[in-house]
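**Student:** Provided herewith: structure_35.cif, mmCIF, C-alpha atoms.
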```cif
data_final
#
loop_
_atom_site.group_PDB
_atom_site.id
_atom_site.type_symbol
_atom_site.label_atom_id
_atom_site.label_comp_id
_atom_site.auth_asym_id
_atom_site.auth_seq_id
_atom_site.Cartn_x
_atom_site.Cartn_y
_atom_site.Cartn_z
ATOM 1 C CA MET S 14 0.000 0.000 0.000
ATOM 2 C CA LEU S 15 1.038 3.579 -0.701
ATOM 3 C CA ARG S 16 0.049 6.458 1.559
ATOM 4 C CA THR S 17 -1.133 9.243 -0.736
ATOM 5 C CA VAL S 18 -2.506 12.629 0.246
ATOM 6 C CA THR S 19 -6.018 11.515 -0.670
ATOM 7 C CA GLY S 20 -5.795 8.138 1.066
ATOM 8 C CA PRO S 21 -4.056 4.769 0.744
ATOM 9 C CA ILE S 22 -3.863 3.027 -2.625
ATOM 10 C CA ARG S 23 -2.395 -0.274 -3.751
ATOM 11 C CA ALA S 24 0.953 -0.005 -5.512
ATOM 12 C CA ALA S 25 -0.311 -2.496 -8.099
ATOM 13 C CA THR S 26 -2.909 0.043 -9.274
ATOM 14 C CA VAL S 27 -0.169 2.454 -10.404
ATOM 15 C CA SER S 28 0.380 1.321 -13.981
ATOM 16 C CA GLY S 29 1.943 4.461 -15.463
ATOM 17 C CA PRO S 30 5.231 6.271 -14.911
ATOM 18 C CA VAL S 31 6.122 7.585 -11.454
ATOM 19 C CA LEU S 32 7.926 10.862 -10.798
ATOM 20 C CA PRO S 33 9.786 9.989 -7.562
ATOM 21 C CA HIS S 34 11.345 13.394 -6.810
ATOM 22 C CA GLU S 35 9.202 16.455 -7.433
ATOM 23 C CA HIS S 36 7.920 19.529 -5.608
ATOM 24 C CA LEU S 37 4.393 20.768 -6.166
ATOM 25 C CA ARG S 38 4.464 23.623 -3.658
ATOM 26 C CA THR S 39 7.475 25.155 -1.881
ATOM 27 C CA ASP S 40 8.676 28.279 -0.130
ATOM 28 C CA MET S 41 12.405 28.466 0.545
ATOM 29 C CA ARG S 42 12.924 32.222 0.230
ATOM 30 C CA TRP S 43 13.512 33.201 3.818
ATOM 31 C CA ALA S 44 15.979 30.731 5.320
ATOM 32 C CA ALA S 45 18.400 32.144 7.863
ATOM 33 C CA GLY S 46 21.768 32.875 6.302
ATOM 34 C CA ILE S 47 20.572 32.381 2.721
ATOM 35 C CA ASP S 48 20.197 35.336 0.374
ATOM 36 C CA SER S 49 16.588 35.936 -0.573
ATOM 37 C CA ASP S 50 15.771 34.615 -4.033
ATOM 38 C CA PRO S 51 12.432 35.721 -5.502
ATOM 39 C CA TYR S 52 12.307 32.537 -7.564
ATOM 40 C CA ARG S 53 13.003 30.118 -4.692
ATOM 41 C CA TRP S 54 9.343 29.249 -4.254
ATOM 42 C CA LEU S 55 6.434 27.583 -6.044
ATOM 43 C CA ASP S 56 2.877 28.709 -5.413
ATOM 44 C CA GLU S 57 1.107 28.211 -8.729
ATOM 45 C CA GLU S 58 -1.556 25.678 -7.837
ATOM 46 C CA GLN S 59 -3.657 25.923 -10.996
ATOM 47 C CA THR S 60 -0.562 25.895 -13.208
ATOM 48 C CA VAL S 61 0.718 22.746 -11.504
ATOM 49 C CA ILE S 62 -2.699 21.091 -11.756
ATOM 50 C CA ALA S 63 -2.889 21.836 -15.471
ATOM 51 C CA GLU S 64 0.559 20.342 -16.109
ATOM 52 C CA LEU S 65 -0.245 17.182 -14.152
ATOM 53 C CA ARG S 66 -3.562 16.681 -15.937
ATOM 54 C CA GLU S 67 -1.813 17.064 -19.274
ATOM 55 C CA LEU S 68 0.860 14.503 -18.302
ATOM 56 C CA ARG S 69 -1.850 12.138 -17.141
ATOM 57 C CA GLN S 70 -3.342 12.329 -20.628
ATOM 58 C CA SER S 71 -0.168 12.386 -22.723
ATOM 59 C CA ASP S 72 2.094 9.990 -20.800
ATOM 60 C CA GLU S 73 -0.291 8.185 -18.424
ATOM 61 C CA LEU S 74 1.481 9.659 -15.384
ATOM 62 C CA GLY S 75 0.621 7.356 -12.509
ATOM 63 C CA LEU S 76 2.066 8.879 -9.324
ATOM 64 C CA ILE S 77 4.098 11.830 -8.021
ATOM 65 C CA VAL S 78 6.270 11.822 -4.907
ATOM 66 C CA ASP S 79 6.462 15.326 -3.456
ATOM 67 C CA LEU S 80 9.673 15.602 -1.406
ATOM 68 C CA THR S 81 8.783 18.938 0.189
ATOM 69 C CA CYS S 82 9.473 18.332 3.866
ATOM 70 C CA ILE S 83 9.882 20.398 7.057
ATOM 71 C CA GLY S 84 11.691 23.636 6.266
ATOM 72 C CA MET S 85 10.675 23.767 2.603
ATOM 73 C CA GLY S 86 7.231 25.345 2.865
ATOM 74 C CA ARG S 87 5.252 22.107 2.877
ATOM 75 C CA ASP S 88 1.478 22.538 2.497
ATOM 76 C CA ALA S 89 -0.396 19.256 2.863
ATOM 77 C CA THR S 90 -3.812 20.774 2.164
ATOM 78 C CA ALA S 91 -2.578 22.239 -1.114
ATOM 79 C CA LEU S 92 -1.112 18.863 -2.092
ATOM 80 C CA ALA S 93 -4.487 17.204 -1.508
ATOM 81 C CA ARG S 94 -6.193 19.789 -3.714
ATOM 82 C CA ILE S 95 -3.582 19.391 -6.441
ATOM 83 C CA ALA S 96 -3.859 15.593 -6.385
ATOM 84 C CA ALA S 97 -7.646 15.665 -6.614
ATOM 85 C CA ALA S 98 -7.831 18.277 -9.355
ATOM 86 C CA GLY S 99 -4.807 17.002 -11.258
ATOM 87 C CA ARG S 100 -6.150 13.429 -11.178
ATOM 88 C CA VAL S 101 -2.728 12.060 -10.239
ATOM 89 C CA PRO S 102 -2.037 10.404 -6.858
ATOM 90 C CA VAL S 103 0.499 12.349 -4.784
ATOM 91 C CA ILE S 104 2.670 11.144 -1.906
ATOM 92 C CA ALA S 105 3.624 13.754 0.708
ATOM 93 C CA ALA S 106 6.790 13.707 2.801
ATOM 94 C CA THR S 107 8.023 14.216 6.300
ATOM 95 C CA GLY S 108 11.661 14.775 7.152
ATOM 96 C CA LEU S 109 13.919 17.642 8.190
ATOM 97 C CA PHE S 110 15.529 19.485 5.302
ATOM 98 C CA THR S 111 19.018 20.948 5.561
ATOM 99 C CA GLU S 112 20.241 23.119 8.426
ATOM 100 C CA PRO S 113 19.713 26.575 6.903
ATOM 101 C CA PHE S 114 16.033 25.774 6.386
ATOM 102 C CA ALA S 115 14.902 23.397 9.144
ATOM 103 C CA ASN S 116 15.223 24.229 12.844
ATOM 104 C CA LEU S 117 17.822 21.643 13.862
ATOM 105 C CA ARG S 118 20.413 23.321 16.070
ATOM 106 C CA ASP S 119 19.189 22.678 19.608
ATOM 107 C CA GLN S 120 17.452 19.306 19.256
ATOM 108 C CA ASP S 121 18.971 15.894 19.823
ATOM 109 C CA VAL S 122 18.274 12.787 17.748
ATOM 110 C CA ASP S 123 15.450 11.615 19.997
ATOM 111 C CA ALA S 124 13.638 14.945 19.703
ATOM 112 C CA LEU S 125 14.099 15.058 15.941
ATOM 113 C CA THR S 126 12.892 11.466 15.580
ATOM 114 C CA GLY S 127 9.873 12.372 17.669
ATOM 115 C CA ARG S 128 8.998 15.211 15.292
ATOM 116 C CA LEU S 129 9.027 12.817 12.349
ATOM 117 C CA MET S 130 7.067 10.116 14.136
ATOM 118 C CA ALA S 131 4.404 12.669 15.103
ATOM 119 C CA ASP S 132 3.915 13.457 11.412
ATOM 120 C CA ILE S 133 3.827 9.769 10.523
ATOM 121 C CA SER S 134 1.412 8.784 13.287
ATOM 122 C CA ASP S 135 -0.821 11.862 13.575
ATOM 123 C CA GLY S 136 -0.683 13.420 10.107
ATOM 124 C CA LEU S 137 0.726 16.687 8.804
ATOM 125 C CA GLU S 138 -0.228 19.855 10.671
ATOM 126 C CA GLY S 139 -3.643 18.548 11.682
ATOM 127 C CA THR S 140 -4.798 18.119 8.093
ATOM 128 C CA GLY S 141 -5.503 14.399 8.137
ATOM 129 C CA VAL S 142 -2.887 13.955 5.392
ATOM 130 C CA PHE S 143 -0.296 11.304 6.210
ATOM 131 C CA PRO S 144 3.214 11.197 4.737
ATOM 132 C CA GLY S 145 4.228 8.252 2.586
ATOM 133 C CA VAL S 146 7.972 8.912 2.474
ATOM 134 C CA ILE S 147 10.767 10.538 4.514
ATOM 135 C CA GLY S 148 12.808 13.154 2.693
ATOM 136 C CA GLU S 149 14.450 14.893 1.234
ATOM 137 C CA VAL S 150 17.029 14.981 4.031
ATOM 138 C CA GLY S 151 20.745 15.622 3.754
ATOM 139 C CA CYS S 152 23.206 18.495 3.564
ATOM 140 C CA TRP S 153 23.278 22.024 2.190
ATOM 141 C CA GLY S 154 27.056 22.286 1.968
ATOM 142 C CA ALA S 155 29.797 19.903 0.872
ATOM 143 C CA SER S 156 29.074 17.485 3.722
ATOM 144 C CA ALA S 157 26.632 17.085 6.580
ATOM 145 C CA THR S 158 26.989 19.367 9.593
ATOM 146 C CA PRO S 159 26.536 17.795 13.054
ATOM 147 C CA ALA S 160 22.938 19.026 13.101
ATOM 148 C CA GLU S 161 22.264 17.627 9.630
ATOM 149 C CA GLU S 162 23.803 14.323 10.649
ATOM 150 C CA ARG S 163 21.392 14.168 13.590
ATOM 151 C CA ALA S 164 18.507 14.819 11.175
ATOM 152 C CA LEU S 165 19.718 11.959 8.971
ATOM 153 C CA VAL S 166 19.965 9.595 11.929
ATOM 154 C CA ALA S 167 16.448 10.651 12.942
ATOM 155 C CA ALA S 168 15.234 9.890 9.411
ATOM 156 C CA ALA S 169 16.801 6.426 9.556
ATOM 157 C CA ARG S 170 15.261 5.684 12.947
ATOM 158 C CA ALA S 171 11.842 6.923 11.822
ATOM 159 C CA SER S 172 12.148 4.739 8.720
ATOM 160 C CA LEU S 173 12.980 1.676 10.807
ATOM 161 C CA ALA S 174 10.006 2.380 13.072
ATOM 162 C CA SER S 175 7.494 3.202 10.335
ATOM 163 C CA ARG S 176 8.866 1.293 7.310
ATOM 164 C CA LEU S 177 8.642 4.424 5.188
ATOM 165 C CA SER S 178 11.442 4.871 2.672
ATOM 166 C CA VAL S 179 13.985 7.722 2.708
ATOM 167 C CA ALA S 180 15.207 10.177 0.038
ATOM 168 C CA THR S 181 18.412 12.203 0.389
ATOM 169 C CA TYR S 182 19.601 15.562 -0.904
ATOM 170 C CA GLY S 183 23.121 16.940 -1.117
ATOM 171 C CA GLN S 184 26.556 16.887 -2.688
ATOM 172 C CA ASP S 185 28.016 14.189 -0.440
ATOM 173 C CA ALA S 186 25.868 11.389 -1.825
ATOM 174 C CA LEU S 187 27.978 8.509 -0.481
ATOM 175 C CA GLY S 188 28.507 10.167 2.896
ATOM 176 C CA LEU S 189 24.775 10.658 3.400
ATOM 177 C CA LEU S 190 24.102 7.046 2.446
ATOM 178 C CA GLU S 191 26.772 5.852 4.869
ATOM 179 C CA ILE S 192 25.107 7.686 7.767
ATOM 180 C CA LEU S 193 21.769 6.024 7.001
ATOM 181 C CA LEU S 194 23.221 2.545 6.509
ATOM 182 C CA ALA S 195 25.143 2.831 9.799
ATOM 183 C CA GLN S 196 21.784 2.939 11.582
ATOM 184 C CA GLY S 197 20.869 -0.447 10.146
ATOM 185 C CA LEU S 198 18.613 0.945 7.438
ATOM 186 C CA PRO S 199 18.513 -1.367 4.388
ATOM 187 C CA GLY S 200 19.928 0.197 1.241
ATOM 188 C CA SER S 201 16.795 -0.829 -0.641
ATOM 189 C CA ARG S 202 14.845 1.724 1.373
ATOM 190 C CA VAL S 203 17.045 4.666 0.366
ATOM 191 C CA ALA S 204 16.914 6.868 -2.756
ATOM 192 C CA VAL S 205 20.131 8.869 -2.934
ATOM 193 C CA GLY S 206 19.759 12.145 -4.787
ATOM 194 C CA TYR S 207 22.657 12.397 -7.231
ATOM 195 C CA ALA S 208 23.376 15.300 -9.574
ATOM 196 C CA GLY S 209 27.037 14.493 -10.158
ATOM 197 C CA ALA S 210 28.804 13.228 -13.261
ATOM 198 C CA ASP S 211 30.986 10.449 -11.819
ATOM 199 C CA PRO S 212 29.632 7.029 -12.825
ATOM 200 C CA ALA S 213 31.806 5.415 -10.136
ATOM 201 C CA VAL S 214 29.867 7.224 -7.403
ATOM 202 C CA ALA S 215 26.555 6.177 -8.931
ATOM 203 C CA ARG S 216 27.804 2.598 -9.167
ATOM 204 C CA LYS S 217 28.839 2.561 -5.475
ATOM 205 C CA ILE S 218 25.371 3.741 -4.471
ATOM 206 C CA ALA S 219 23.815 0.941 -6.509
ATOM 207 C CA GLU S 220 26.301 -1.629 -5.158
ATOM 208 C CA ALA S 221 25.150 -0.724 -1.643
ATOM 209 C CA GLY S 222 21.626 -1.751 -2.662
ATOM 210 C CA ALA S 223 20.315 1.820 -2.694
ATOM 211 C CA TYR S 224 18.680 3.700 -5.553
ATOM 212 C CA VAL S 225 20.442 6.389 -7.564
ATOM 213 C CA SER S 226 17.866 9.175 -7.898
ATOM 214 C CA VAL S 227 18.627 11.539 -10.779
ATOM 215 C CA GLY S 228 16.685 14.765 -11.266
ATOM 216 C CA ALA S 229 16.883 15.998 -14.843
ATOM 217 C CA LEU S 230 16.756 19.690 -13.919
ATOM 218 C CA ALA S 231 19.471 19.492 -11.263
ATOM 219 C CA ALA S 232 21.828 17.288 -13.238
ATOM 220 C CA GLY S 233 21.044 18.567 -16.726
ATOM 221 C CA VAL S 234 19.912 16.481 -19.669
ATOM 222 C CA GLU S 235 23.341 15.318 -20.820
ATOM 223 C CA ARG S 236 24.552 14.358 -17.358
ATOM 224 C CA SER S 237 21.253 12.667 -16.470
ATOM 225 C CA THR S 238 21.405 10.633 -19.646
ATOM 226 C CA ALA S 239 25.061 9.697 -19.161
ATOM 227 C CA VAL S 240 24.576 8.513 -15.563
ATOM 228 C CA ALA S 241 21.468 6.557 -16.510
ATOM 229 C CA LEU S 242 23.184 4.886 -19.460
ATOM 230 C CA SER S 243 26.205 3.991 -17.337
ATOM 231 C CA LEU S 244 24.079 2.309 -14.673
ATOM 232 C CA ILE S 245 21.945 0.459 -17.202
ATOM 233 C CA GLU S 246 24.948 -0.769 -19.152
ATOM 234 C CA GLU S 247 26.652 -1.970 -15.952
ATOM 235 C CA GLY S 248 23.605 -4.017 -14.970
ATOM 236 C CA TYR S 249 22.098 -1.637 -12.408
ATOM 237 C CA ALA S 250 18.919 -0.647 -14.237
ATOM 238 C CA ASP S 251 16.940 -1.880 -11.233
ATOM 239 C CA ARG S 252 18.668 0.698 -8.998
ATOM 240 C CA LEU S 253 17.926 3.800 -11.068
ATOM 241 C CA LEU S 254 15.250 6.424 -10.427
ATOM 242 C CA LEU S 255 14.575 9.274 -12.850
ATOM 243 C CA SER S 256 12.511 12.388 -12.250
ATOM 244 C CA THR S 257 12.246 15.972 -13.456
ATOM 245 C CA GLY S 258 12.968 17.491 -10.025
ATOM 246 C CA LEU S 259 10.988 20.717 -10.497
ATOM 247 C CA SER S 260 11.059 22.918 -7.394
ATOM 248 C CA ARG S 261 10.532 26.598 -8.201
ATOM 249 C CA VAL S 262 8.207 28.927 -10.029
ATOM 250 C CA ALA S 263 10.674 29.793 -12.800
ATOM 251 C CA GLN S 264 10.674 26.140 -13.897
ATOM 252 C CA VAL S 265 6.981 25.748 -14.725
ATOM 253 C CA ARG S 266 5.915 26.154 -18.344
ATOM 254 C CA ARG S 267 3.775 29.224 -17.635
ATOM 255 C CA TYR S 268 7.013 31.170 -17.092
ATOM 256 C CA ASP S 269 8.881 29.528 -19.981
ATOM 257 C CA GLY S 270 10.405 26.785 -17.839
ATOM 258 C CA PRO S 271 10.624 23.142 -18.925
ATOM 259 C CA GLY S 272 7.761 21.966 -16.698
ATOM 260 C CA TYR S 273 7.154 18.551 -15.159
ATOM 261 C CA ALA S 274 7.204 16.976 -18.623
ATOM 262 C CA HIS S 275 10.944 17.664 -18.963
ATOM 263 C CA LEU S 276 11.895 14.062 -18.144
ATOM 264 C CA PHE S 277 9.460 12.713 -20.741
ATOM 265 C CA ARG S 278 10.350 15.211 -23.468
ATOM 266 C CA GLU S 279 14.133 15.365 -23.092
ATOM 267 C CA VAL S 280 15.773 12.547 -21.087
ATOM 268 C CA LEU S 281 13.678 9.495 -21.984
ATOM 269 C CA PRO S 282 13.871 10.206 -25.769
ATOM 270 C CA LYS S 283 17.673 10.417 -25.513
ATOM 271 C CA LEU S 284 17.777 7.082 -23.703
ATOM 272 C CA ARG S 285 15.636 5.539 -26.453
ATOM 273 C CA GLU S 286 17.957 7.012 -29.087
ATOM 274 C CA ALA S 287 20.870 5.359 -27.258
ATOM 275 C CA GLY S 288 19.190 1.981 -27.628
ATOM 276 C CA ILE S 289 17.439 1.546 -24.289
ATOM 277 C CA ASP S 290 14.276 -0.475 -24.876
ATOM 278 C CA ASP S 291 10.823 0.324 -23.541
ATOM 279 C CA SER S 292 10.877 -2.624 -21.143
ATOM 280 C CA THR S 293 13.949 -1.232 -19.381
ATOM 281 C CA LEU S 294 12.504 2.270 -19.310
ATOM 282 C CA ARG S 295 9.311 0.908 -17.756
ATOM 283 C CA THR S 296 11.425 -0.760 -15.066
ATOM 284 C CA VAL S 297 13.144 2.537 -14.351
ATOM 285 C CA THR S 298 10.029 4.736 -14.398
ATOM 286 C CA ASN S 299 7.480 2.414 -12.799
ATOM 287 C CA ALA S 300 8.801 -0.744 -11.132
ATOM 288 C CA ASN S 301 11.811 0.861 -9.447
ATOM 289 C CA PRO S 302 10.068 3.753 -7.675
ATOM 290 C CA LEU S 303 7.228 1.506 -6.553
ATOM 291 C CA ARG S 304 9.726 -1.060 -5.224
ATOM 292 C CA TRP S 305 11.606 1.693 -3.373
ATOM 293 C CA LEU S 306 8.441 3.107 -1.814
ATOM 294 C CA THR S 307 7.167 -0.302 -0.674
ATOM 295 C CA SER S 308 10.469 -1.962 0.270
ATOM 296 C CA GLY S 309 9.759 -1.612 3.974
ATOM 297 C CA THR S 310 6.431 -3.413 3.709
ATOM 298 C CA ALA S 311 7.573 -6.297 1.516
#
```
Kindly return the structure encoded in the file as structure tokens.
**Tutor:**
Amino acid sequence: MLRTVTGPIRAATVSGPVLPHEHLRTDMRWAAGIDSDPYRWLDEEQTVIAELRELRQSDELGLIVDLTCIGMGRDATALARIAAAGRVPVIAATGLFTEPFANLRDQDVDALTGRLMADISDGLEGTGVFPGVIGEVGCWGASATPAEERALVAAARASLASRLSVATYGQDALGLLEILLAQGLPGSRVAVGYAGADPAVARKIAEAGAYVSVGALAAGVERSTAVALSLIEEGYADRLLLSTGLSRVAQVRRYDGPGYAHLFREVLPKLREAGIDDSTLRTVTNANPLRWLTSGTA
């Protein structure tokens, strides 16, 4: 079963592609220590709904995982409205984003774990919406600060207690994964966000049993395609996740951005041109994200 913002559904009912790392509503403009960016937000509900409905029709989009967690302007009520109007199931997240955004400094691991478990057990901000994933959690700088490491440990402990899967964010992909695995979390429950270009790093993530989660907007089309091809050719197609990774208003089509369809219009065609067959692409876009999301309940 998958916990979506409009209620639980069976994973087997999701027959179309899954976008495992997206943001449907965010507000990250006012973090302490971060320069204000007028485009570091997304509050275009009708625009997002229209794009999702179009993708449902054109590409049979089956599910979206919204990784907007604590510190990123999460709005569970808005997600429920978007899911209902967009006619695409949406999974909401809990988790503590990086230190400049989430309030991490004075809380120990037990307190941080308690914050996550309250979301998981009681719902998000009294809305009756329950999270179906933990993330994205990780680091803002080159590596995790002590506070960010505590947030990662809390995510691992909440995952072990709830069986929800975890998604990471940050430059130190292997370091973040190591922190989670050290808590006894199975690699199969972790999607490691990776925007780098080194196929060896991607391979090490896959060898640990975790998923390499590539966002086309963060990595760029050429890099996304190269990392995906490398993993597929080395026999790790079953450890690859692909998404668009849209997170801010300037990226939606209304303002001349690529929109949520970017993965479908740019990256997947290039993979087909490189000889990747539709069966493999279905594994990557449907079977893999569903396996990741349900690995704790298998």
**Student:** Given the choices S:Phe110, S:Tyr273, S:Trp43, S:Tyr52, which gets closest to Arg261 of chain S if the distance is worked out from all atoms listed in the file?
**Tutor:**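 So, comparing all the options, the nearest one is S:Tyr52.
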**Student:** Go through S:Glu35, S:Glu57, S:Pro144, S:Leu294 one by one, measure the shortest atom-to-atom distance of each to Gly20 of chain S using only C-alpha atoms, and give the residue with the smallest value.
**Tutor:**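 When distances to Gly20 of chain S are compared using only C-alpha atoms, the smallest one comes from S:Pro144.
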**Student:** Pick from S:Phe143, S:Asp40, S:Arg252, S:Gly127: nearest to Ala174 of chain S, with all atoms listed in the file counted?
**Tutor:** S:Gly127
**Student:** Using 10 Å as the limit and counting all atoms listed in the file, can you tabulate each residue of segment 58-125 of chain S that touches segment 176-183 of chain S, with its shortest atom-to-atom distance in Å and the two atoms involved, as CSV?
**Tutor:**
```
residue,atom,partner,partner_atom,distance
S:Leu80,CA,S:Ala180,CA,7.9
S:Ala106,CA,S:Val179,CA,9.4
S:Thr107,CA,S:Val179,CA,9.5
S:Gly108,CA,S:Val179,CA,8.7
S:Phe110,CA,S:Tyr182,CA,8.4
S:Thr111,CA,S:Tyr182,CA,8.4
```
**Student:** The residues within 9 Å of (9.1, 8.8, -18.9), using all atoms listed in the file and the coordinates of the file, should be reported as a list in words; which are they?
**Tutor:**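 Answer for this query, in the requested form: Pro30, Val31, Leu32, Asp72, Leu74, Leu255, Ser256, Ala274, Leu276, Phe277, Arg278, Val280, Leu281, Pro282, Leu294, Arg295, Val297, Thr298 and Asn299 of chain S.
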**Student:** Report the residues retrieved by the PyMOL selection byres ((chain S and resi 201) around 10) from the displayed file, expressed as a list in words.
**Tutor:**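 In the shown coordinates, the PyMOL selection byres ((chain S and resi 201) around 10) covers Ser178, Val179, Leu198, Pro199, Gly200, Arg202, Val203, Ala204, Ala219, Ala221, Gly222, Ala223, Tyr224, Arg252, Arg304, Trp305, Leu306, Thr307, Ser308 and Gly309 of chain S.
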**Student:** Take the selection from the previous step and output its residues with C-alpha atoms, as a PDB file, in the coordinates of the input.
**Tutor:**
```pdb
ATOM      1  CA  SER S 178      11.442   4.871   2.672  1.00  0.00           C
ATOM      2  CA  VAL S 179      13.985   7.722   2.708  1.00  0.00           C
ATOM      3  CA  LEU S 198      18.613   0.945   7.438  1.00  0.00           C
ATOM      4  CA  PRO S 199      18.513  -1.367   4.388  1.00  0.00           C
ATOM      5  CA  GLY S 200      19.928   0.197   1.241  1.00  0.00           C
ATOM      6  CA  ARG S 202      14.845   1.724   1.373  1.00  0.00           C
ATOM      7  CA  VAL S 203      17.045   4.666   0.366  1.00  0.00           C
ATOM      8  CA  ALA S 204      16.914   6.868  -2.756  1.00  0.00           C
ATOM      9  CA  ALA S 219      23.815   0.941  -6.509  1.00  0.00           C
ATOM     10  CA  ALA S 221      25.150  -0.724  -1.643  1.00  0.00           C
ATOM     11  CA  GLY S 222      21.626  -1.751  -2.662  1.00  0.00           C
ATOM     12  CA  ALA S 223      20.315   1.820  -2.694  1.00  0.00           C
ATOM     13  CA  TYR S 224      18.680   3.700  -5.553  1.00  0.00           C
ATOM     14  CA  ARG S 252      18.668   0.698  -8.998  1.00  0.00           C
ATOM     15  CA  ARG S 304       9.726  -1.060  -5.224  1.00  0.00           C
ATOM     16  CA  TRP S 305      11.606   1.693  -3.373  1.00  0.00           C
ATOM     17  CA  LEU S 306       8.441   3.107  -1.814  1.00  0.00           C
ATOM     18  CA  THR S 307       7.167  -0.302  -0.674  1.00  0.00           C
ATOM     19  CA  SER S 308      10.469  -1.962   0.270  1.00  0.00           C
ATOM     20  CA  GLY S 309       9.759  -1.612   3.974  1.00  0.00           C
TER      21      GLY S 309
END
```
**Student:** Nearest residue to Ala250 of chain S out of S:Gly29, S:Ala300, S:Gly272, S:Gly209, using all atoms listed in the file?
**Tutor:**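 Once distances to Ala250 of chain S are computed over all atoms listed in the file, the minimum belongs to S:Ala300.
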**Student:** Using only C-alpha atoms, pick whichever of S:Val225, S:Ala124, S:Val146, S:Leu117 has the shortest atom-to-atom distance to Ala213 of chain S.
**Tutor:**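 Nearest candidate to Ala213 of chain S out of S:Val225, S:Ala124, S:Val146, S:Leu117: S:Val225.
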**Student:** Could you pull the residues within 12 Å of Tyr268 of chain S, counting all atoms listed in the file, minus those fewer than 2 positions along the same chain, as number ranges by chain?
**Tutor:** S: 52, 55, 57, 60-61, 261-266, 270-272
**Student:** Using the chain letters and residue numbers of this document, give as a PyMOL selection string the residues selected by the PyMOL selection byres ((chain S and resi 237) around 12).
**Tutor:** chain S and resi 206-212+215+225-236+238-244+253-258+275-276+279-281+283-284
**Student:** Kindly give the distance, in Å, that separates atom CA of Glu149 of chain S and atom CA of Ile104 of chain S, rounded to a single decimal.
**Tutor:**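 It comes out at 12.8 Å.
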**Student:** Take the PyMOL selection byres ((chain S and resi 115) around 10), run it mentally on this structure, and tell me the resulting residues as a PyMOL selection string.
**Tutor:** chain S and resi 44-45+82-85+108-114+116-118+160-161+164
**Student:** Which residues are near segment 24-28 of chain S? Cut-off 7 Å, only C-alpha atoms, ignore same chain within fewer than 3 positions. Put them as a PyMOL selection string.
**Tutor:** chain S and resi 14-15+75-76+303
**Student:** Looking at S:Leu173, S:Val103, S:Met41, S:Ile77, which one is nearest to Arg16 of chain S, with distances taken over all atoms listed in the file?
**Tutor:**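 Of all the options, S:Val103 lies closest to Arg16 of chain S.
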**Student:** Please measure the separation of atom CA of Val150 of chain S and atom CA of Thr293 of chain S, giving the value in Å to one decimal.
**Tutor:** 28.6 Å
**Student:** Please indicate the distance in Å from atom CA of Ile133 of chain S to atom CA of Ile147 of chain S, rounded to one decimal place.
**Tutor:** 9.2 Å
**Student:** Please provide the set of residues having any atom within 6 Å of Val142 of chain S, restricted to all atoms listed in the file, with same-chain residues fewer than 3 positions apart removed, written as a list of chain:residue names.
**Tutor:**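 Neighbouring residues, sequence-local ones excluded: S:Val18, S:Gly136, S:Leu137.
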**Student:** Hey, could you pull the box centre and edge lengths for segment 159-166 of chain S, axis-aligned, 3 Å padding per side, all listed atoms, to one decimal in Å, as AutoDock Vina command-line options?
**Tutor:**
```
--center_x 22.5 --center_y 14.3 --center_z 11.3 --size_x 14.0 --size_y 15.4 --size_z 10.6
```
**Student:** Since the input lacks some atoms of segment 144-151 of chain S, please model N, CA, C and O atoms and print them as an mmCIF file, in the frame of the given file.
**Tutor:**
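rebuild-v7.cif was written with the following content:
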```
data_model
loop_
_atom_site.group_PDB
_atom_site.id
_atom_site.type_symbol
_atom_site.label_atom_id
_atom_site.label_comp_id
_atom_site.auth_asym_id
_atom_site.auth_seq_id
_atom_site.Cartn_x
_atom_site.Cartn_y
_atom_site.Cartn_z
ATOM 1 N N PRO S 144 2.083 11.324 5.662
ATOM 2 C CA PRO S 144 3.214 11.197 4.737
ATOM 3 C C PRO S 144 3.423 9.749 4.321
ATOM 4 O O PRO S 144 3.177 8.819 5.081
ATOM 5 N N GLY S 145 3.930 9.587 3.089
ATOM 6 C CA GLY S 145 4.228 8.252 2.586
ATOM 7 C C GLY S 145 5.693 8.029 2.315
ATOM 8 O O GLY S 145 6.081 6.990 1.772
ATOM 9 N N VAL S 146 6.533 9.012 2.705
ATOM 10 C CA VAL S 146 7.972 8.912 2.474
ATOM 11 C C VAL S 146 8.662 9.886 3.428
ATOM 12 O O VAL S 146 8.033 10.821 3.939
ATOM 13 N N ILE S 147 9.961 9.652 3.679
ATOM 14 C CA ILE S 147 10.767 10.538 4.514
ATOM 15 C C ILE S 147 11.832 11.180 3.623
ATOM 16 O O ILE S 147 12.650 10.492 3.031
ATOM 17 N N GLY S 148 11.816 12.482 3.522
ATOM 18 C CA GLY S 148 12.808 13.154 2.693
ATOM 19 C C GLY S 148 12.225 14.415 2.079
ATOM 20 O O GLY S 148 11.034 14.685 2.227
ATOM 21 N N GLU S 149 13.082 15.240 1.457
ATOM 22 C CA GLU S 149 14.450 14.893 1.234
ATOM 23 C C GLU S 149 15.308 15.449 2.369
ATOM 24 O O GLU S 149 15.173 16.600 2.740
ATOM 25 N N VAL S 150 16.186 14.622 2.895
ATOM 26 C CA VAL S 150 17.029 14.981 4.031
ATOM 27 C C VAL S 150 18.488 14.868 3.602
ATOM 28 O O VAL S 150 18.832 14.034 2.767
ATOM 29 N N GLY S 151 19.352 15.706 4.165
ATOM 30 C CA GLY S 151 20.745 15.622 3.754
ATOM 31 C C GLY S 151 21.558 16.816 4.170
ATOM 32 O O GLY S 151 21.511 17.233 5.323
#
```
